[in-house]
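Enquirer: So here's entry_27.cif, just mmCIF, C-alpha atoms and all ligand atoms:
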data_input
loop_
_atom_site.group_PDB
_atom_site.id
_atom_site.type_symbol
_atom_site.label_atom_id
_atom_site.label_comp_id
_atom_site.auth_asym_id
_atom_site.auth_seq_id
_atom_site.Cartn_x
_atom_site.Cartn_y
_atom_site.Cartn_z
ATOM 1 C CA MET A 1 159.143 117.495 55.782
ATOM 2 C CA VAL A 2 160.726 114.099 55.404
ATOM 3 C CA PRO A 3 164.475 114.681 55.255
ATOM 4 C CA MET A 4 166.118 114.068 51.896
ATOM 5 C CA VAL A 5 169.173 111.861 52.320
ATOM 6 C CA SER A 6 171.725 111.913 49.488
ATOM 7 C CA GLU A 7 172.272 108.648 47.660
ATOM 8 C CA GLU A 8 175.831 108.258 48.897
ATOM 9 C CA VAL A 9 174.854 108.809 52.537
ATOM 10 C CA ARG A 10 171.765 106.606 52.249
ATOM 11 C CA GLU A 11 173.789 103.726 50.839
ATOM 12 C CA ALA A 12 176.488 104.089 53.485
ATOM 13 C CA ILE A 13 173.921 104.058 56.307
ATOM 14 C CA ALA A 14 172.136 101.036 54.834
ATOM 15 C CA ALA A 15 175.418 99.129 54.463
ATOM 16 C CA GLY A 16 176.582 100.033 57.999
ATOM 17 C CA ARG A 17 179.584 101.944 56.671
ATOM 18 C CA PRO A 18 181.021 104.853 58.704
ATOM 19 C CA VAL A 19 179.221 108.189 58.282
ATOM 20 C CA VAL A 20 179.983 111.537 59.965
ATOM 21 C CA ALA A 21 177.365 114.274 60.228
ATOM 22 C CA LEU A 22 178.619 117.866 59.834
ATOM 23 C CA GLU A 23 176.709 121.018 60.727
ATOM 24 C CA SER A 24 176.173 123.978 58.428
ATOM 25 C CA THR A 25 175.848 126.913 60.840
ATOM 26 C CA ILE A 26 179.580 126.968 61.259
ATOM 27 C CA ILE A 27 179.799 127.440 57.466
ATOM 28 C CA ALA A 28 177.011 129.990 57.028
ATOM 29 C CA HIS A 29 177.314 131.975 60.265
ATOM 30 C CA GLY A 30 180.495 130.912 62.059
ATOM 31 C CA LEU A 31 183.258 131.546 59.499
ATOM 32 C CA PRO A 32 184.071 134.495 57.234
ATOM 33 C CA ARG A 33 183.245 134.333 53.514
ATOM 34 C CA PRO A 34 184.596 133.195 51.068
ATOM 35 C CA ARG A 35 186.921 131.072 53.169
ATOM 36 C CA ASN A 36 183.896 129.258 54.624
ATOM 37 C CA LEU A 37 183.063 127.360 51.427
ATOM 38 C CA ARG A 38 186.634 126.128 51.031
ATOM 39 C CA VAL A 39 186.547 124.974 54.646
ATOM 40 C CA ALA A 40 183.274 123.111 54.090
ATOM 41 C CA LEU A 41 184.775 121.236 51.148
ATOM 42 C CA GLU A 42 188.006 120.608 53.006
ATOM 43 C CA LEU A 43 186.172 119.137 56.015
ATOM 44 C CA GLU A 44 184.251 116.764 53.780
ATOM 45 C CA ALA A 45 187.510 115.703 52.109
ATOM 46 C CA ALA A 46 189.105 115.063 55.509
ATOM 47 C CA VAL A 47 186.226 112.751 56.506
ATOM 48 C CA ARG A 48 186.710 110.806 53.258
ATOM 49 C CA GLN A 49 190.466 110.578 53.768
ATOM 50 C CA GLU A 50 189.794 108.869 57.081
ATOM 51 C CA GLY A 51 187.544 106.349 55.366
ATOM 52 C CA ALA A 52 184.081 107.708 56.254
ATOM 53 C CA VAL A 53 181.274 109.389 54.313
ATOM 54 C CA PRO A 54 180.558 113.058 55.177
ATOM 55 C CA ALA A 55 176.931 114.113 55.632
ATOM 56 C CA THR A 56 176.669 117.880 55.848
ATOM 57 C CA ILE A 57 173.183 118.846 57.014
ATOM 58 C CA ALA A 58 171.084 121.923 56.161
ATOM 59 C CA VAL A 59 167.559 122.897 55.117
ATOM 60 C CA LEU A 60 167.032 124.061 51.533
ATOM 61 C CA ASP A 61 163.666 125.332 50.279
ATOM 62 C CA GLY A 62 161.868 123.815 53.235
ATOM 63 C CA ARG A 63 163.456 120.373 52.877
ATOM 64 C CA PRO A 64 165.994 119.096 55.415
ATOM 65 C CA ARG A 65 168.957 117.673 53.488
ATOM 66 C CA ILE A 66 171.464 115.148 54.749
ATOM 67 C CA GLY A 67 174.479 115.082 52.455
ATOM 68 C CA LEU A 68 174.907 118.161 50.250
ATOM 69 C CA ASP A 69 176.405 118.454 46.783
ATOM 70 C CA GLU A 70 178.791 121.272 45.908
ATOM 71 C CA GLU A 71 176.086 123.572 44.564
ATOM 72 C CA GLN A 72 174.070 123.145 47.759
ATOM 73 C CA LEU A 73 177.153 123.835 49.868
ATOM 74 C CA GLU A 74 177.682 127.007 47.838
ATOM 75 C CA ARG A 75 174.169 128.177 48.668
ATOM 76 C CA ILE A 76 174.817 127.655 52.355
ATOM 77 C CA GLY A 77 178.212 129.338 52.075
ATOM 78 C CA SER A 78 176.738 132.406 50.324
ATOM 79 C CA GLY A 79 174.651 133.036 53.421
ATOM 80 C CA GLU A 80 171.941 134.598 51.216
ATOM 81 C CA GLY A 81 168.514 133.823 52.615
ATOM 82 C CA ILE A 82 170.132 131.310 54.947
ATOM 83 C CA ARG A 83 168.696 131.499 58.438
ATOM 84 C CA LYS A 84 170.264 130.043 61.561
ATOM 85 C CA LEU A 85 168.233 127.048 62.694
ATOM 86 C CA GLY A 86 167.976 125.453 66.105
ATOM 87 C CA HIS A 87 165.930 122.264 66.333
ATOM 88 C CA ARG A 88 162.794 124.195 67.296
ATOM 89 C CA ASP A 89 162.983 126.053 63.986
ATOM 90 C CA LEU A 90 162.808 122.924 61.820
ATOM 91 C CA PRO A 91 159.007 122.685 61.453
ATOM 92 C CA LEU A 92 158.769 126.448 60.924
ATOM 93 C CA VAL A 93 161.379 126.603 58.180
ATOM 94 C CA ALA A 94 159.856 123.536 56.518
ATOM 95 C CA ALA A 95 156.353 124.987 56.460
ATOM 96 C CA ALA A 96 157.682 128.309 55.182
ATOM 97 C CA GLY A 97 159.606 126.586 52.401
ATOM 98 C CA ALA A 98 162.632 128.595 53.519
ATOM 99 C CA SER A 99 166.321 127.724 53.837
ATOM 100 C CA GLY A 100 168.724 127.673 56.728
ATOM 101 C CA ALA A 101 171.896 126.355 58.250
ATOM 102 C CA THR A 102 171.557 123.890 61.111
ATOM 103 C CA THR A 103 173.184 124.487 64.488
ATOM 104 C CA VAL A 104 174.370 121.621 66.677
ATOM 105 C CA SER A 105 170.850 121.045 68.027
ATOM 106 C CA ALA A 106 169.155 120.856 64.618
ATOM 107 C CA THR A 107 172.012 118.867 63.052
ATOM 108 C CA ALA A 108 172.140 116.331 65.876
ATOM 109 C CA LEU A 109 168.372 115.799 65.701
ATOM 110 C CA LEU A 110 168.293 115.323 61.919
ATOM 111 C CA ALA A 111 171.374 113.073 61.998
ATOM 112 C CA ALA A 112 169.900 110.855 64.707
ATOM 113 C CA LEU A 113 166.571 110.594 62.860
ATOM 114 C CA ALA A 114 168.479 109.448 59.771
ATOM 115 C CA GLY A 115 170.419 106.823 61.737
ATOM 116 C CA ILE A 116 173.775 108.642 61.841
ATOM 117 C CA ARG A 117 175.484 108.167 65.190
ATOM 118 C CA VAL A 118 178.615 110.336 64.953
ATOM 119 C CA PHE A 119 178.757 114.104 64.482
ATOM 120 C CA ALA A 120 181.686 116.531 64.393
ATOM 121 C CA THR A 121 181.695 120.277 65.048
ATOM 122 C CA GLY A 122 183.908 123.024 66.463
ATOM 123 C CA GLY A 123 182.542 124.013 69.843
ATOM 124 C CA LEU A 124 179.113 123.363 71.322
ATOM 125 C CA GLY A 125 176.798 126.120 72.407
ATOM 126 C CA GLY A 126 176.113 126.370 76.130
ATOM 127 C CA VAL A 127 175.354 128.681 79.024
ATOM 128 C CA HIS A 128 176.291 132.269 78.226
ATOM 129 C CA ARG A 129 178.023 134.572 80.679
ATOM 130 C CA GLU A 130 175.395 136.916 82.151
ATOM 131 C CA TRP A 131 173.012 133.965 82.098
ATOM 132 C CA THR A 132 171.377 135.150 85.308
ATOM 133 C CA VAL A 133 170.225 138.271 83.460
ATOM 134 C CA THR A 134 169.597 137.000 79.916
ATOM 135 C CA GLN A 135 168.706 133.332 80.517
ATOM 136 C CA ASP A 136 170.682 132.662 77.333
ATOM 137 C CA GLU A 137 171.479 128.977 77.183
ATOM 138 C CA SER A 138 171.973 127.277 73.834
ATOM 139 C CA ALA A 139 169.335 124.767 72.798
ATOM 140 C CA ASP A 140 172.270 122.467 72.022
ATOM 141 C CA LEU A 141 172.395 121.282 75.633
ATOM 142 C CA GLY A 142 168.748 120.320 76.038
ATOM 143 C CA LEU A 143 168.700 118.512 72.712
ATOM 144 C CA LEU A 144 171.841 116.531 73.532
ATOM 145 C CA ALA A 145 170.176 115.410 76.766
ATOM 146 C CA ARG A 146 167.568 113.540 74.706
ATOM 147 C CA THR A 147 169.339 112.474 71.537
ATOM 148 C CA ARG A 148 171.501 109.387 71.103
ATOM 149 C CA ILE A 149 174.452 110.790 69.199
ATOM 150 C CA THR A 150 178.197 111.080 69.737
ATOM 151 C CA VAL A 151 179.482 114.609 69.260
ATOM 152 C CA VAL A 152 183.180 115.190 68.726
ATOM 153 C CA CYS A 153 183.910 118.830 69.614
ATOM 154 C CA ALA A 154 186.619 121.023 71.122
ATOM 155 C CA GLY A 155 184.479 121.499 74.222
ATOM 156 C CA VAL A 156 182.096 124.433 74.319
ATOM 157 C CA LYS A 157 182.811 127.847 72.895
ATOM 158 C CA SER A 158 185.057 129.837 75.197
ATOM 159 C CA ILE A 159 182.791 132.865 74.804
ATOM 160 C CA LEU A 160 180.468 131.004 77.204
ATOM 161 C CA ASP A 161 180.434 130.454 80.946
ATOM 162 C CA VAL A 162 182.330 127.159 80.773
ATOM 163 C CA PRO A 163 181.883 125.945 84.380
ATOM 164 C CA ALA A 164 178.157 126.761 84.263
ATOM 165 C CA THR A 165 177.877 124.838 80.990
ATOM 166 C CA LEU A 166 179.680 121.821 82.478
ATOM 167 C CA GLN A 167 177.296 121.969 85.414
ATOM 168 C CA ARG A 168 174.264 122.056 83.109
ATOM 169 C CA LEU A 169 175.583 119.024 81.212
ATOM 170 C CA GLU A 170 175.894 117.196 84.519
ATOM 171 C CA THR A 171 172.377 118.186 85.576
ATOM 172 C CA LEU A 172 170.961 117.181 82.196
ATOM 173 C CA GLY A 173 172.730 113.819 82.376
ATOM 174 C CA VAL A 174 174.874 114.181 79.265
ATOM 175 C CA ALA A 175 178.032 112.015 79.263
ATOM 176 C CA VAL A 176 181.271 113.964 78.764
ATOM 177 C CA ALA A 177 184.777 112.557 78.242
ATOM 178 C CA GLY A 178 188.068 114.209 77.393
ATOM 179 C CA TYR A 179 189.841 112.667 74.417
ATOM 180 C CA GLY A 180 193.493 112.107 75.274
ATOM 181 C CA THR A 181 193.189 114.565 78.152
ATOM 182 C CA ASP A 182 191.874 114.982 81.703
ATOM 183 C CA ARG A 183 191.170 118.664 81.028
ATOM 184 C CA PHE A 184 188.031 120.041 79.410
ATOM 185 C CA PRO A 185 189.148 121.791 76.196
ATOM 186 C CA GLY A 186 188.444 125.501 75.680
ATOM 187 C CA PHE A 187 187.567 125.635 71.951
ATOM 188 C CA TYR A 188 190.252 128.164 70.846
ATOM 189 C CA LEU A 189 192.372 126.947 73.795
ATOM 190 C CA SER A 190 193.536 123.403 74.502
ATOM 191 C CA ASP A 191 192.535 123.714 78.153
ATOM 192 C CA SER A 192 189.505 125.605 79.464
ATOM 193 C CA GLY A 193 190.981 125.550 82.960
ATOM 194 C CA HIS A 194 188.441 122.964 84.121
ATOM 195 C CA PRO A 195 188.904 119.222 84.614
ATOM 196 C CA VAL A 196 186.776 116.501 83.073
ATOM 197 C CA ASP A 197 185.866 113.345 84.990
ATOM 198 C CA TRP A 198 186.399 110.769 82.260
ATOM 199 C CA ARG A 199 189.107 110.241 79.695
ATOM 200 C CA LEU A 200 189.126 108.170 76.492
ATOM 201 C CA ASP A 201 192.265 107.620 74.432
ATOM 202 C CA THR A 202 191.306 105.698 71.300
ATOM 203 C CA PRO A 203 188.405 105.616 68.815
ATOM 204 C CA GLU A 204 187.763 102.013 69.909
ATOM 205 C CA GLN A 205 187.285 103.145 73.510
ATOM 206 C CA VAL A 206 184.772 105.749 72.344
ATOM 207 C CA ALA A 207 182.889 103.090 70.382
ATOM 208 C CA GLN A 208 182.853 100.878 73.481
ATOM 209 C CA VAL A 209 181.157 103.628 75.467
ATOM 210 C CA MET A 210 178.596 104.048 72.685
ATOM 211 C CA ARG A 211 177.821 100.335 72.796
ATOM 212 C CA ALA A 212 177.556 100.490 76.585
ATOM 213 C CA GLN A 213 175.064 103.369 76.269
ATOM 214 C CA ASP A 214 172.882 101.237 74.021
ATOM 215 C CA ALA A 215 173.232 98.109 76.123
ATOM 216 C CA LEU A 216 172.263 99.985 79.254
ATOM 217 C CA GLY A 217 169.171 101.590 77.762
ATOM 218 C CA GLY A 218 167.778 104.476 79.807
ATOM 219 C CA PRO A 219 167.399 108.034 78.556
ATOM 220 C CA GLU A 220 168.504 108.505 74.959
ATOM 221 C CA SER A 221 171.220 111.028 75.698
ATOM 222 C CA ALA A 222 174.373 111.964 73.823
ATOM 223 C CA LEU A 223 178.062 111.318 74.396
ATOM 224 C CA ILE A 224 180.320 114.365 74.171
ATOM 225 C CA VAL A 225 183.883 113.571 73.138
ATOM 226 C CA ALA A 226 185.854 116.674 74.045
ATOM 227 C CA HIS A 227 188.918 116.783 71.807
ATOM 228 C CA PRO A 228 191.332 119.667 72.387
ATOM 229 C CA VAL A 229 193.071 121.668 69.687
ATOM 230 C CA ALA A 230 196.826 120.934 69.770
ATOM 231 C CA GLU A 231 198.690 123.280 72.097
ATOM 232 C CA ASP A 232 200.879 124.636 69.292
ATOM 233 C CA GLU A 233 197.753 125.490 67.255
ATOM 234 C CA GLN A 234 195.730 127.160 69.993
ATOM 235 C CA LEU A 235 195.063 130.883 70.273
ATOM 236 C CA ASP A 236 197.541 132.589 72.584
ATOM 237 C CA PRO A 237 195.731 132.519 75.988
ATOM 238 C CA GLY A 238 196.700 136.135 76.776
ATOM 239 C CA VAL A 239 195.334 137.390 73.455
ATOM 240 C CA HIS A 240 192.222 135.263 73.965
ATOM 241 C CA ALA A 241 191.465 136.741 77.381
ATOM 242 C CA ARG A 242 191.986 140.336 76.227
ATOM 243 C CA VAL A 243 190.061 140.183 72.939
ATOM 244 C CA LEU A 244 187.210 138.126 74.374
ATOM 245 C CA ASP A 245 186.714 140.724 77.072
ATOM 246 C CA GLU A 246 186.483 143.441 74.395
ATOM 247 C CA ALA A 247 184.107 141.314 72.320
ATOM 248 C CA LEU A 248 181.753 140.742 75.254
ATOM 249 C CA ARG A 249 181.693 144.462 75.992
ATOM 250 C CA ALA A 250 181.025 145.313 72.318
ATOM 251 C CA CYS A 251 178.208 142.768 72.214
ATOM 252 C CA ALA A 252 176.546 144.327 75.253
ATOM 253 C CA ALA A 253 177.117 147.885 73.990
ATOM 254 C CA GLU A 254 175.516 147.086 70.624
ATOM 255 C CA GLY A 255 172.582 145.353 72.295
ATOM 256 C CA VAL A 256 173.057 142.080 70.396
ATOM 257 C CA THR A 257 170.830 139.324 71.818
ATOM 258 C CA GLY A 258 169.465 135.849 71.053
ATOM 259 C CA GLN A 259 170.745 134.019 67.997
ATOM 260 C CA GLY A 260 172.957 136.932 67.035
ATOM 261 C CA VAL A 261 175.222 136.667 70.082
ATOM 262 C CA THR A 262 177.399 133.710 69.071
ATOM 263 C CA PRO A 263 178.075 134.852 65.456
ATOM 264 C CA PHE A 264 178.798 138.396 66.714
ATOM 265 C CA LEU A 265 181.374 137.223 69.243
ATOM 266 C CA LEU A 266 183.077 134.776 66.857
ATOM 267 C CA ASP A 267 183.307 137.456 64.167
ATOM 268 C CA HIS A 268 184.680 140.015 66.612
ATOM 269 C CA LEU A 269 187.409 137.592 67.640
ATOM 270 C CA VAL A 270 188.397 136.894 64.034
ATOM 271 C CA ARG A 271 188.652 140.595 63.218
ATOM 272 C CA HIS A 272 190.563 141.564 66.349
ATOM 273 C CA THR A 273 193.131 138.766 66.471
ATOM 274 C CA ASP A 274 194.486 139.198 62.946
ATOM 275 C CA GLY A 275 192.863 135.910 62.003
ATOM 276 C CA ALA A 276 194.600 133.985 64.796
ATOM 277 C CA SER A 277 191.261 132.959 66.315
ATOM 278 C CA LEU A 278 190.144 131.727 62.895
ATOM 279 C CA ALA A 279 193.299 129.617 62.579
ATOM 280 C CA ALA A 280 192.684 128.061 65.996
ATOM 281 C CA ASN A 281 188.988 127.508 65.231
ATOM 282 C CA LEU A 282 189.860 125.769 61.949
ATOM 283 C CA ALA A 283 192.565 123.642 63.575
ATOM 284 C CA ALA A 284 190.041 122.506 66.191
ATOM 285 C CA VAL A 285 187.342 121.667 63.646
ATOM 286 C CA ARG A 286 189.764 119.817 61.360
ATOM 287 C CA GLY A 287 191.022 117.687 64.222
ATOM 288 C CA ASN A 288 187.462 116.939 65.340
ATOM 289 C CA VAL A 289 186.314 115.914 61.898
ATOM 290 C CA ARG A 290 189.221 113.477 61.516
ATOM 291 C CA LEU A 291 188.687 111.994 64.948
ATOM 292 C CA ALA A 292 184.940 111.672 64.311
ATOM 293 C CA ALA A 293 185.653 109.704 61.126
ATOM 294 C CA ARG A 294 187.876 107.325 63.089
ATOM 295 C CA VAL A 295 185.206 106.950 65.795
ATOM 296 C CA ALA A 296 182.577 106.255 63.113
ATOM 297 C CA SER A 297 184.883 103.591 61.655
ATOM 298 C CA ALA A 298 185.410 101.932 65.049
ATOM 299 C CA TRP A 299 181.662 102.055 65.634
ATOM 300 C CA ALA A 300 180.866 100.557 62.219
ATOM 301 C CA ALA A 301 183.492 97.835 62.686
ATOM 302 C CA GLY A 302 181.858 96.586 65.876
ATOM 303 C CA GLU A 303 178.296 96.216 64.658
HETATM 304 N N1 LIG A 401 181.146 125.807 66.493
HETATM 305 C C1 LIG A 401 181.919 126.625 65.744
HETATM 306 N N2 LIG A 401 181.309 127.686 65.141
HETATM 307 C C2 LIG A 401 179.935 127.894 65.233
HETATM 308 C C3 LIG A 401 179.139 127.007 66.006
HETATM 309 C C4 LIG A 401 179.805 125.979 66.620
HETATM 310 O O1 LIG A 401 183.143 126.426 65.627
HETATM 311 O O2 LIG A 401 179.430 128.828 64.635
HETATM 312 C C5 LIG A 401 177.625 127.181 66.082
HETATM 313 C C6 LIG A 401 176.974 125.812 66.300
HETATM 314 O O3 LIG A 401 176.076 125.628 65.245
HETATM 315 C C7 LIG A 401 176.268 125.918 67.620
HETATM 316 C C8 LIG A 401 175.873 127.364 67.585
HETATM 317 O O4 LIG A 401 175.167 125.038 67.706
HETATM 318 O O5 LIG A 401 177.079 127.992 67.126
HETATM 319 C C9 LIG A 401 175.409 127.834 68.944
HETATM 320 O O6 LIG A 401 174.627 128.983 68.761
HETATM 321 P P1 LIG A 401 173.731 129.524 69.980
HETATM 322 O O7 LIG A 401 174.728 129.935 71.019
HETATM 323 O O8 LIG A 401 172.968 130.698 69.395
HETATM 324 O O9 LIG A 401 172.844 128.398 70.390
HETATM 325 MN MN MN A 402 171.584 131.636 72.526
#
I need this file expressed as structure tokens, please.

Expert:
Amino acid sequence: MVPMVSEEVREAIAAGRPVVALESTIIAHGLPRPRNLRVALELEAAVRQEGAVPATIAVLDGRPRIGLDEEQLERIGSGEGIRKLGHRDLPLVAAAGASGATTVSATALLAALAGIRVFATGGLGGVHREWTVTQDESADLGLLARTRITVVCAGVKSILDVPATLQRLETLGVAVAGYGTDRFPGFYLSDSGHPVDWRLDTPEQVAQVMRAQDALGGPESALIVAHPVAEDEQLDPGVHARVLDEALRACAAEGVTGQGVTPFLLDHLVRHTDGASLAANLAAVRGNVRLAARVASAWAAGE
């Protein structure tokens, strides 16, 4: 199951030009159709505008693909026969010849294997509320503890237990820095209510940390660049608290578990906030993609 890297992405990697990996689960399972396909194309365009090459990652017919054309993005966007893939699913989907969208864990692994160092997404997975009962912790965290990649994200999804997730990241030894802030972002919200120990303010500073990681050696862990959505684009915190509470109760009442939990909660929020949560989610992802392209440029410039 050797990953297939598109010509454009392959050439950019070989020439040391900036490349940004993008995940596909957000397209297939995180955003409503048909808006999702437009968003996928828009995110790729934003990476290009900032001078980097986008590499959206997915698995099609058993083959991991790094860099998708429009037809392939349409397949992912249609959601038909598109499974949700964590990194543990990669050998299974390959052997089955099946197709799927990659979550943060699967995307980060495939990107790192291909030599892509910078990755942008919305919010990471993490430790779910009720973890003591369900043991539901996203595979994103464990994978980021052993993969050398820089992830630009708006923190972790606010549907999670944020302080528990921050604690797990500390335990796992994953570096976390706020971008332009001392507060850990809250995905739909600019501030999760929790502080972050380190702050970076420019793409060059992020690239410096990446170089320091490599110079130091040690465990091949990630760097999380936590970039908040602008305050005037965030979801109203009162609405967020109320609707999230309803969503969590609906999820429990309907008995949704495992991989279904995150898509269920995100969809519930979209439908019960008149699209306001979608607007905040998109604003966060757009900002992250642009920042990731600038980080990739600063990284490429220093090599
Ligand atoms: N960020 C978003 N929307 C999403 C996700 C992230 O803005 O849908 C996806 C990512 O792919 C992340 C996944 O890896 O949700 C986490 O799913 P789980 O909690 O099942 O591990
Ligand atoms: Mn889970």

Enquirer: For chain A against ligand LIG 401 (chain A), with a cut-off of 6 Å and counting all atoms listed in the file, what is the closest atom pair and its distance in Å to one decimal for every residue that makes the cut, ordered by chain and number, as a Markdown table?

Expert:
| residue | atom | partner | partner_atom | distance |
| --- | --- | --- | --- | --- |
| A:Thr25 | CA | A:LIG401 | O3 | 4.6 |
| A:Ile26 | CA | A:LIG401 | O2 | 3.9 |
| A:His29 | CA | A:LIG401 | O2 | 5.8 |
| A:Gly30 | CA | A:LIG401 | O2 | 3.5 |
| A:Thr103 | CA | A:LIG401 | O3 | 3.2 |
| A:Val104 | CA | A:LIG401 | O4 | 3.7 |
| A:Ser105 | CA | A:LIG401 | O4 | 5.9 |
| A:Thr121 | CA | A:LIG401 | N1 | 5.7 |
| A:Gly122 | CA | A:LIG401 | O1 | 3.6 |
| A:Gly123 | CA | A:LIG401 | N1 | 4.0 |
| A:Leu124 | CA | A:LIG401 | C7 | 5.3 |
| A:Gly125 | CA | A:LIG401 | C9 | 4.1 |
| A:Ser138 | CA | A:LIG401 | O9 | 3.7 |
| A:Ala139 | CA | A:LIG401 | O9 | 5.6 |
| A:Asp140 | CA | A:LIG401 | O4 | 5.8 |
| A:Gln259 | CA | A:LIG401 | O8 | 4.2 |
| A:Thr262 | CA | A:LIG401 | O7 | 5.0 |
| A:Asn281 | CA | A:LIG401 | O1 | 6.0 |

Enquirer: Range 285-300 of chain A: which residues within 7 Å, counting only C-alpha atoms, same-chain residues fewer than 6 positions away excluded, as a list in words?

Expert: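 Non-adjacent residues within range: Gly16, Arg17, Pro18, Val19, Val20, Leu43, Ala46, Val47, Glu50, Gly51, Ala52, Val118, Phe119, Ala120, Thr121, Gly122, Val152, Cys153, Pro203, Glu204, Val206, Ala207 and His227 of chain A.
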
Enquirer: To one decimal in Å, tell me the separation between CA of Val2 in chain A and CA of Val39 in chain A.

Expert: 28.0 Å

Enquirer: Output the neighbourhood of ligand MN 402 (chain A) as a PyMOL selection string, that is, all protein and nucleic acid residues with some atom at most 12 Å from the ligand, counting only C-alpha atoms and all ligand atoms.

Expert: chain A and resi 84-86+103-105+124-131+134-141+157+159-160+256-265

Enquirer: Choose the residue, out of A:Gly115, A:Gly178, A:Pro219, A:Gly97, that has the smallest atom-to-atom separation from Leu60 in chain A; count all atoms listed in the file.

Expert: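 For Leu60 in chain A, the nearest of the candidates is A:Gly97.
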
Enquirer: How many Å separate CA of Ala40 in chain A from CA of Glu70 in chain A?

Expert: 9.5 Å

Enquirer: Give me the residues near Glu246 in chain A as an NGL selection string, where near means some atom within 12 Å (using only C-alpha atoms) and where sequence neighbours in that chain fewer than 5 positions away do not count.

Expert: :A and (159 or 239-241 or 251-253 or 264-266 or 268-269 or 271-273)

Enquirer: Pull out every residue that the PyMOL selection byres (((chain A and resi 182) around 10) and not hetatm) matches in the shown coordinates and put them as a list of chain:residue names.

Expert: A:Ala177, A:Gly178, A:Tyr179, A:Gly180, A:Thr181, A:Arg183, A:Phe184, A:Pro185, A:Asp191, A:His194, A:Pro195, A:Val196, A:Asp197, A:Trp198, A:Arg199, A:Leu200, A:Ala226

Enquirer: Once the PyMOL selection byres (((chain A and resi 145) around 7) and not hetatm) has been evaluated on this model, what residues remain selected, and can you format them as JSON, numbers by chain?

Expert: {"A": [141, 142, 143, 144, 146, 147, 172, 173, 174, 221, 222]}

Enquirer: How many Å lie between CA of Pro3 in chain A and CA of Ile66 in chain A, rounded to one decimal?

Expert: 7.0 Å

Enquirer: Step by step: start from the point (173.0, 102.4, 76.8) in the file's coordinates, keep every protein, DNA or RNA residue that has an atom no farther than 12 Å from it, count only C-alpha atoms, and write the set as a ChimeraX atom specification.

Expert: /A:147-149,175,207-223

Enquirer: Please determine, counting all atoms listed in the file, which residue among A:Gly255, A:Ala58, A:Val229, A:Gly81 has the shortest atom-to-atom distance to Phe187 in chain A.

Expert: A:Val229
